[in-house]
>>> print(open('structure.pdb').read())   # PDB, C-alpha atoms
ATOM      1  CA  MET A   1       0.000   0.000   0.000  1.00  0.00           C
ATOM      2  CA  SER A   2       1.373   3.362  -1.004  1.00  0.00           C
ATOM      3  CA  ARG A   3       1.188   6.624   0.926  1.00  0.00           C
ATOM      4  CA  TRP A   4       0.288   8.553  -2.212  1.00  0.00           C
ATOM      5  CA  ARG A   5      -3.152  10.110  -2.123  1.00  0.00           C
ATOM      6  CA  PRO A   6      -4.899  11.634  -5.094  1.00  0.00           C
ATOM      7  CA  PRO A   7      -5.345  15.385  -4.782  1.00  0.00           C
ATOM      8  CA  PRO A   8      -8.730  16.346  -3.365  1.00  0.00           C
ATOM      9  CA  GLU A   9     -11.308  17.920  -5.605  1.00  0.00           C
ATOM     10  CA  HIS A  10     -11.138  21.692  -5.599  1.00  0.00           C
ATOM     11  CA  SER A  11     -13.815  23.089  -3.355  1.00  0.00           C
ATOM     12  CA  THR A  12     -15.261  26.554  -3.173  1.00  0.00           C
ATOM     13  CA  PRO A  13     -13.064  28.582  -0.783  1.00  0.00           C
ATOM     14  CA  ILE A  14     -15.850  30.345   1.120  1.00  0.00           C
ATOM     15  CA  ILE A  15     -17.016  29.911   4.687  1.00  0.00           C
ATOM     16  CA  THR A  16     -19.335  31.487   7.227  1.00  0.00           C
ATOM     17  CA  ARG A  17     -17.875  33.486  10.113  1.00  0.00           C
ATOM     18  CA  ALA A  18     -18.906  30.787  12.622  1.00  0.00           C
ATOM     19  CA  GLY A  19     -17.315  28.044  10.508  1.00  0.00           C
ATOM     20  CA  PHE A  20     -14.085  30.026  10.162  1.00  0.00           C
ATOM     21  CA  GLU A  21     -13.902  30.537  13.929  1.00  0.00           C
ATOM     22  CA  ARG A  22     -14.481  26.807  14.539  1.00  0.00           C
ATOM     23  CA  LEU A  23     -11.588  25.918  12.219  1.00  0.00           C
ATOM     24  CA  ARG A  24      -9.323  28.492  13.900  1.00  0.00           C
ATOM     25  CA  VAL A  25     -10.180  27.093  17.337  1.00  0.00           C
ATOM     26  CA  GLU A  26      -9.525  23.551  16.088  1.00  0.00           C
ATOM     27  CA  LEU A  27      -6.120  24.561  14.705  1.00  0.00           C
ATOM     28  CA  ASP A  28      -5.190  26.319  17.940  1.00  0.00           C
ATOM     29  CA  GLU A  29      -6.332  23.324  20.019  1.00  0.00           C
ATOM     30  CA  LEU A  30      -4.340  20.881  17.892  1.00  0.00           C
ATOM     31  CA  TRP A  31      -1.184  22.988  17.862  1.00  0.00           C
ATOM     32  CA  ARG A  32      -1.107  24.261  21.459  1.00  0.00           C
ATOM     33  CA  VAL A  33      -2.788  21.451  23.409  1.00  0.00           C
ATOM     34  CA  ARG A  34      -3.041  18.093  21.626  1.00  0.00           C
ATOM     35  CA  ARG A  35       0.311  18.063  19.821  1.00  0.00           C
ATOM     36  CA  PRO A  36       2.407  18.830  22.939  1.00  0.00           C
ATOM     37  CA  GLU A  37       0.535  16.073  24.837  1.00  0.00           C
ATOM     38  CA  VAL A  38       1.213  13.544  22.093  1.00  0.00           C
ATOM     39  CA  VAL A  39       4.884  14.576  21.775  1.00  0.00           C
ATOM     40  CA  ARG A  40       5.308  14.162  25.544  1.00  0.00           C
ATOM     41  CA  ALA A  41       3.656  10.714  25.481  1.00  0.00           C
ATOM     42  CA  LEU A  42       5.734   9.745  22.436  1.00  0.00           C
ATOM     43  CA  SER A  43       9.007  10.645  24.150  1.00  0.00           C
ATOM     44  CA  GLU A  44       7.968   8.695  27.261  1.00  0.00           C
ATOM     45  CA  ALA A  45       7.129   5.661  25.114  1.00  0.00           C
ATOM     46  CA  ALA A  46      10.436   5.986  23.249  1.00  0.00           C
ATOM     47  CA  ALA A  47      12.319   5.946  26.551  1.00  0.00           C
ATOM     48  CA  GLU A  48      10.894   2.517  27.388  1.00  0.00           C
ATOM     49  CA  GLY A  49      13.266   0.754  25.027  1.00  0.00           C
ATOM     50  CA  ASP A  50      12.703  -1.386  21.933  1.00  0.00           C
ATOM     51  CA  ARG A  51      10.545   0.742  19.654  1.00  0.00           C
ATOM     52  CA  SER A  52       9.750  -2.004  17.143  1.00  0.00           C
ATOM     53  CA  GLU A  53       7.672  -3.914  19.704  1.00  0.00           C
ATOM     54  CA  ASN A  54       6.383  -0.908  21.644  1.00  0.00           C
ATOM     55  CA  ALA A  55       2.695  -0.502  20.807  1.00  0.00           C
ATOM     56  CA  GLU A  56       2.410   2.787  22.701  1.00  0.00           C
ATOM     57  CA  TYR A  57       5.285   4.260  20.686  1.00  0.00           C
ATOM     58  CA  GLN A  58       3.776   3.086  17.386  1.00  0.00           C
ATOM     59  CA  TYR A  59       0.352   4.458  18.315  1.00  0.00           C
ATOM     60  CA  ARG A  60       1.684   7.855  19.405  1.00  0.00           C
ATOM     61  CA  LYS A  61       3.834   8.151  16.301  1.00  0.00           C
ATOM     62  CA  LYS A  62       0.784   7.518  14.105  1.00  0.00           C
ATOM     63  CA  GLN A  63      -1.293   9.945  16.173  1.00  0.00           C
ATOM     64  CA  LEU A  64       1.367  12.653  15.816  1.00  0.00           C
ATOM     65  CA  GLY A  65       1.361  12.181  12.031  1.00  0.00           C
ATOM     66  CA  GLU A  66      -2.424  12.565  11.924  1.00  0.00           C
ATOM     67  CA  ILE A  67      -2.271  15.751  14.006  1.00  0.00           C
ATOM     68  CA  ASP A  68       0.515  17.199  11.847  1.00  0.00           C
ATOM     69  CA  ARG A  69      -1.423  16.378   8.679  1.00  0.00           C
ATOM     70  CA  ARG A  70      -4.544  18.142   9.994  1.00  0.00           C
ATOM     71  CA  VAL A  71      -2.516  21.146  11.216  1.00  0.00           C
ATOM     72  CA  ARG A  72      -0.862  21.459   7.811  1.00  0.00           C
ATOM     73  CA  TYR A  73      -4.234  21.258   6.037  1.00  0.00           C
ATOM     74  CA  LEU A  74      -5.906  23.808   8.333  1.00  0.00           C
ATOM     75  CA  SER A  75      -2.981  26.229   8.116  1.00  0.00           C
ATOM     76  CA  LYS A  76      -3.099  26.253   4.333  1.00  0.00           C
ATOM     77  CA  ARG A  77      -6.896  26.197   4.080  1.00  0.00           C
ATOM     78  CA  LEU A  78      -7.491  29.092   6.492  1.00  0.00           C
ATOM     79  CA  GLU A  79      -5.248  31.317   4.358  1.00  0.00           C
ATOM     80  CA  LYS A  80      -7.351  30.612   1.247  1.00  0.00           C
ATOM     81  CA  LEU A  81     -10.824  30.887   2.757  1.00  0.00           C
ATOM     82  CA  GLN A  82     -12.977  33.953   2.228  1.00  0.00           C
ATOM     83  CA  VAL A  83     -15.395  34.682   5.067  1.00  0.00           C
ATOM     84  CA  VAL A  84     -18.883  35.612   3.872  1.00  0.00           C
ATOM     85  CA  ASP A  85     -20.871  37.099   6.732  1.00  0.00           C
ATOM     86  CA  GLN A  86     -23.363  39.380   5.030  1.00  0.00           C
ATOM     87  CA  ALA A  87     -26.626  38.684   3.260  1.00  0.00           C
ATOM     88  CA  PRO A  88     -26.637  39.025  -0.542  1.00  0.00           C
ATOM     89  CA  SER A  89     -28.057  42.082  -2.253  1.00  0.00           C
ATOM     90  CA  ASP A  90     -31.086  40.017  -3.318  1.00  0.00           C
ATOM     91  CA  PRO A  91     -32.294  38.126  -0.204  1.00  0.00           C
ATOM     92  CA  SER A  92     -35.259  36.596  -2.037  1.00  0.00           C
ATOM     93  CA  ALA A  93     -32.950  34.345  -4.099  1.00  0.00           C
ATOM     94  CA  ILE A  94     -30.908  31.329  -2.951  1.00  0.00           C
ATOM     95  CA  TYR A  95     -27.229  32.124  -2.352  1.00  0.00           C
ATOM     96  CA  PHE A  96     -24.481  31.146   0.088  1.00  0.00           C
ATOM     97  CA  GLY A  97     -25.545  31.298   3.734  1.00  0.00           C
ATOM     98  CA  ALA A  98     -29.279  30.883   3.099  1.00  0.00           C
ATOM     99  CA  TRP A  99     -31.607  28.617   4.979  1.00  0.00           C
ATOM    100  CA  ILE A 100     -33.791  27.007   2.347  1.00  0.00           C
ATOM    101  CA  GLU A 101     -36.903  24.913   2.694  1.00  0.00           C
ATOM    102  CA  LEU A 102     -37.669  22.644  -0.223  1.00  0.00           C
ATOM    103  CA  GLU A 103     -40.562  20.368  -1.048  1.00  0.00           C
ATOM    104  CA  ARG A 104     -39.756  17.202  -2.933  1.00  0.00           C
ATOM    105  CA  GLU A 105     -42.395  17.089  -5.653  1.00  0.00           C
ATOM    106  CA  GLU A 106     -42.570  13.278  -5.901  1.00  0.00           C
ATOM    107  CA  THR A 107     -43.280  12.681  -2.207  1.00  0.00           C
ATOM    108  CA  GLY A 108     -44.328  16.060  -0.797  1.00  0.00           C
ATOM    109  CA  GLU A 109     -41.563  15.713   1.818  1.00  0.00           C
ATOM    110  CA  LEU A 110     -40.254  19.017   3.236  1.00  0.00           C
ATOM    111  CA  VAL A 111     -36.512  19.393   3.823  1.00  0.00           C
ATOM    112  CA  ARG A 112     -34.620  22.321   5.322  1.00  0.00           C
ATOM    113  CA  TYR A 113     -30.959  23.088   4.666  1.00  0.00           C
ATOM    114  CA  ARG A 114     -28.433  25.819   5.283  1.00  0.00           C
ATOM    115  CA  ILE A 115     -25.947  26.455   2.482  1.00  0.00           C
ATOM    116  CA  VAL A 116     -22.418  26.563   3.902  1.00  0.00           C
ATOM    117  CA  GLY A 117     -18.855  26.092   2.721  1.00  0.00           C
ATOM    118  CA  PRO A 118     -17.417  22.611   2.141  1.00  0.00           C
ATOM    119  CA  ASP A 119     -15.299  22.853   5.307  1.00  0.00           C
ATOM    120  CA  GLU A 120     -18.293  23.207   7.621  1.00  0.00           C
ATOM    121  CA  ILE A 121     -20.877  20.728   6.370  1.00  0.00           C
ATOM    122  CA  ASP A 122     -22.923  18.830   8.940  1.00  0.00           C
ATOM    123  CA  ALA A 123     -25.738  16.762   7.488  1.00  0.00           C
ATOM    124  CA  ALA A 124     -27.204  16.025  10.935  1.00  0.00           C
ATOM    125  CA  SER A 125     -27.919  19.729  11.501  1.00  0.00           C
ATOM    126  CA  GLY A 126     -28.988  20.356   7.901  1.00  0.00           C
ATOM    127  CA  GLN A 127     -25.866  22.206   6.749  1.00  0.00           C
ATOM    128  CA  ILE A 128     -24.923  21.225   3.214  1.00  0.00           C
ATOM    129  CA  SER A 129     -22.093  22.338   0.973  1.00  0.00           C
ATOM    130  CA  ILE A 130     -22.435  24.935  -1.723  1.00  0.00           C
ATOM    131  CA  ASP A 131     -20.620  22.402  -3.912  1.00  0.00           C
ATOM    132  CA  SER A 132     -23.362  19.748  -3.537  1.00  0.00           C
ATOM    133  CA  PRO A 133     -25.413  18.940  -6.653  1.00  0.00           C
ATOM    134  CA  LEU A 134     -28.640  19.911  -4.870  1.00  0.00           C
ATOM    135  CA  VAL A 135     -27.371  23.384  -3.989  1.00  0.00           C
ATOM    136  CA  ARG A 136     -25.781  23.928  -7.411  1.00  0.00           C
ATOM    137  CA  ALA A 137     -29.173  23.281  -8.975  1.00  0.00           C
ATOM    138  CA  ALA A 138     -30.964  25.519  -6.428  1.00  0.00           C
ATOM    139  CA  LEU A 139     -28.708  28.590  -6.686  1.00  0.00           C
ATOM    140  CA  LYS A 140     -30.499  31.792  -7.758  1.00  0.00           C
ATOM    141  CA  LYS A 141     -33.926  30.159  -7.484  1.00  0.00           C
ATOM    142  CA  ARG A 142     -36.723  31.972  -5.600  1.00  0.00           C
ATOM    143  CA  VAL A 143     -39.806  30.953  -3.650  1.00  0.00           C
ATOM    144  CA  ASP A 144     -42.227  28.925  -5.804  1.00  0.00           C
ATOM    145  CA  ASP A 145     -39.521  28.093  -8.379  1.00  0.00           C
ATOM    146  CA  ALA A 146     -39.187  24.416  -9.292  1.00  0.00           C
ATOM    147  CA  PHE A 147     -35.920  22.761 -10.259  1.00  0.00           C
ATOM    148  CA  GLU A 148     -34.426  19.350 -10.856  1.00  0.00           C
ATOM    149  CA  ALA A 149     -31.336  18.154  -8.993  1.00  0.00           C
ATOM    150  CA  PRO A 150     -29.181  15.097  -9.660  1.00  0.00           C
ATOM    151  CA  LEU A 151     -29.100  13.053  -6.439  1.00  0.00           C
ATOM    152  CA  PRO A 152     -27.280   9.757  -5.782  1.00  0.00           C
ATOM    153  CA  THR A 153     -30.640   7.979  -6.007  1.00  0.00           C
ATOM    154  CA  GLY A 154     -31.471   9.662  -9.319  1.00  0.00           C
ATOM    155  CA  ALA A 155     -32.851  12.982 -10.465  1.00  0.00           C
ATOM    156  CA  ALA A 156     -35.420  14.609  -8.184  1.00  0.00           C
ATOM    157  CA  ARG A 157     -37.658  17.640  -8.577  1.00  0.00           C
ATOM    158  CA  PHE A 158     -37.943  20.238  -5.838  1.00  0.00           C
ATOM    159  CA  LEU A 159     -40.066  23.293  -5.182  1.00  0.00           C
ATOM    160  CA  VAL A 160     -38.613  26.210  -3.204  1.00  0.00           C
ATOM    161  CA  VAL A 161     -40.886  26.878  -0.215  1.00  0.00           C
ATOM    162  CA  SER A 162     -38.842  29.509   1.652  1.00  0.00           C
ATOM    163  CA  VAL A 163     -35.506  31.344   1.596  1.00  0.00           C
ATOM    164  CA  THR A 164     -34.181  33.123   4.696  1.00  0.00           C
ATOM    165  CA  TYR A 165     -30.821  34.490   5.778  1.00  0.00           C
ATOM    166  CA  PRO A 166     -29.491  34.587   9.339  1.00  0.00           C
ATOM    167  CA  THR A 167     -29.387  38.061  10.829  1.00  0.00           C
TER     168      THR A 167
END
>>> encode(input="structure.pdb", output="structure tokens")
Amino acid sequence: MSRWRPPPEHSTPIITRAGFERLRVELDELWRVRRPEVVRALSEAAAEGDRSENAEYQYRKKQLGEIDRRVRYLSKRLEKLQVVDQAPSDPSAIYFGAWIELEREETGELVRYRIVGPDEIDAASGQISIDSPLVRAALKKRVDDAFEAPLPTGAARFLVVSVTYPT
């Protein structure tokens, strides 16, 4: 097995203010708290002797690599991100940051999503990426507009029920 990883798909470099702050806090936590703890535990495990059979040493070494990889990613990503914390000039249309309520035409099911950057998605709380096929199809639509979106289960038709922006 090789360590080579294919480059990730390019994602839209925008984020909400809250998402940006969460990433900054995560970076600070990793760099100032977690990494020093792991380095200390790693040096203690290394002092125990034979490293090839020392499970604690192997685990801490892997953990340190994971932390360093995430720190490197966050450091580079935070520099590129553009914080969008104001409503668009046309708040009746769907743009970044909007809470949208959609009705699936086939089933009548109502779904509610917030459009956020790819670094802050959380499906459990209804936050979906601006890069998702559903959002790409919904952009610039208004209340009572219908559109079709390609979903993993096949194409689906939606009707825009409401568009709101956080204040």
>>> closest_residue(input="structure.pdb", among="A:Arg51, A:Thr153, A:Leu27, A:Asp144", to="Glu103 (chain A)", atoms="only C-alpha atoms")
A:Asp144
>>> atom_distance(input="structure.pdb", atom1="CA of Ala149 (chain A)", atom2="CA of His10 (chain A)")
20.8 Å
>>> resolve_selection(input="structure.pdb", expression="the PyMOL selection byres ((chain A and resi 129) around 8)", output="JSON, numbers by chain")
{"A": [115, 116, 117, 118, 120, 121, 127, 128, 130, 131, 132, 135]}
>>> atom_distance(input="structure.pdb", atom1="CA of Ser2 (chain A)", atom2="CA of Ala46 (chain A)")
26.0 Å
>>> closest_residue(input="structure.pdb", among="A:Ala55, A:Ala123, A:Val161, A:Leu30", to="Glu105 (chain A)", atoms="only C-alpha atoms")
A:Val161
>>> residues_around(input="structure.pdb", residues="Glu48 (chain A)", least_positions_apart="5", cutoff="9 Å", atoms="all atoms listed in the file", output="mmCIF file with C-alpha atoms, keeping the file's coordinate frame")
data_model
loop_
_atom_site.group_PDB
_atom_site.id
_atom_site.type_symbol
_atom_site.label_atom_id
_atom_site.label_comp_id
_atom_site.auth_asym_id
_atom_site.auth_seq_id
_atom_site.Cartn_x
_atom_site.Cartn_y
_atom_site.Cartn_z
ATOM 1 C CA SER A 43 9.007 10.645 24.150
ATOM 2 C CA ASN A 54 6.383 -0.908 21.644
ATOM 3 C CA TYR A 57 5.285 4.260 20.686
#
>>> closest_residue(input="structure.pdb", among="A:Glu26, A:Asp122, A:Glu9, A:Asp145", to="Leu74 (chain A)", atoms="all atoms listed in the file")
A:Glu26
>>> residues_around(input="structure.pdb", residues="region 94-101 of chain A", least_positions_apart="3", cutoff="6 Å", atoms="only C-alpha atoms", output="list in words")
Val111, Arg112, Tyr113, Arg114, Ile115, Val116, Leu139, Lys140, Lys141, Val161, Ser162, Val163, Thr164 and Tyr165 of chain A
>>> residues_around(input="structure.pdb", residues="Asp119 (chain A)", least_positions_apart="4", cutoff="12 Å", atoms="all atoms listed in the file", output="ChimeraX atom specification")
/A:10-24,73-74,77-78,80-83,115,127-131
>>> axis_aligned_box(input="structure.pdb", around="region 142-155 of chain A", padding_each_side="3 Å", output="lines of an AutoDock Vina configuration file")
center_x = -34.8
center_y = 20.0
center_z = -7.3
size_x = 20.9
size_y = 30.0
size_z = 13.2
>>> atom_distance(input="structure.pdb", atom1="CA of Gln86 (chain A)", atom2="CA of Arg70 (chain A)")
28.8 Å
>>> closest_residue(input="structure.pdb", among="A:Glu148, A:Val71, A:Pro6, A:Glu29", to="Pro133 (chain A)", atoms="all atoms listed in the file")
A:Glu148
>>> closest_residue(input="structure.pdb", among="A:Asp50, A:Ser125, A:Pro7, A:Ala155", to="Glu106 (chain A)", atoms="only C-alpha atoms")
A:Ala155
>>> closest_residue(input="structure.pdb", among="A:Pro88, A:Val25, A:Ala45, A:Val39", to="Pro166 (chain A)", atoms="only C-alpha atoms")
A:Pro88
>>> residues_around(input="structure.pdb", residues="Val38 (chain A)", least_positions_apart="3", cutoff="7 Å", atoms="only C-alpha atoms", output="short mmCIF file (atom, residue, chain, number, x, y, z; two decimals) with C-alpha atoms, keeping the file's coordinate frame")
data_model
loop_
_atom_site.label_atom_id
_atom_site.label_comp_id
_atom_site.auth_asym_id
_atom_site.auth_seq_id
_atom_site.Cartn_x
_atom_site.Cartn_y
_atom_site.Cartn_z
CA ARG A 34 -3.04 18.09 21.63
CA ARG A 35 0.31 18.06 19.82
CA ALA A 41 3.66 10.71 25.48
CA LEU A 42 5.73 9.74 22.44
CA ARG A 60 1.68 7.86 19.40
CA LEU A 64 1.37 12.65 15.82
#
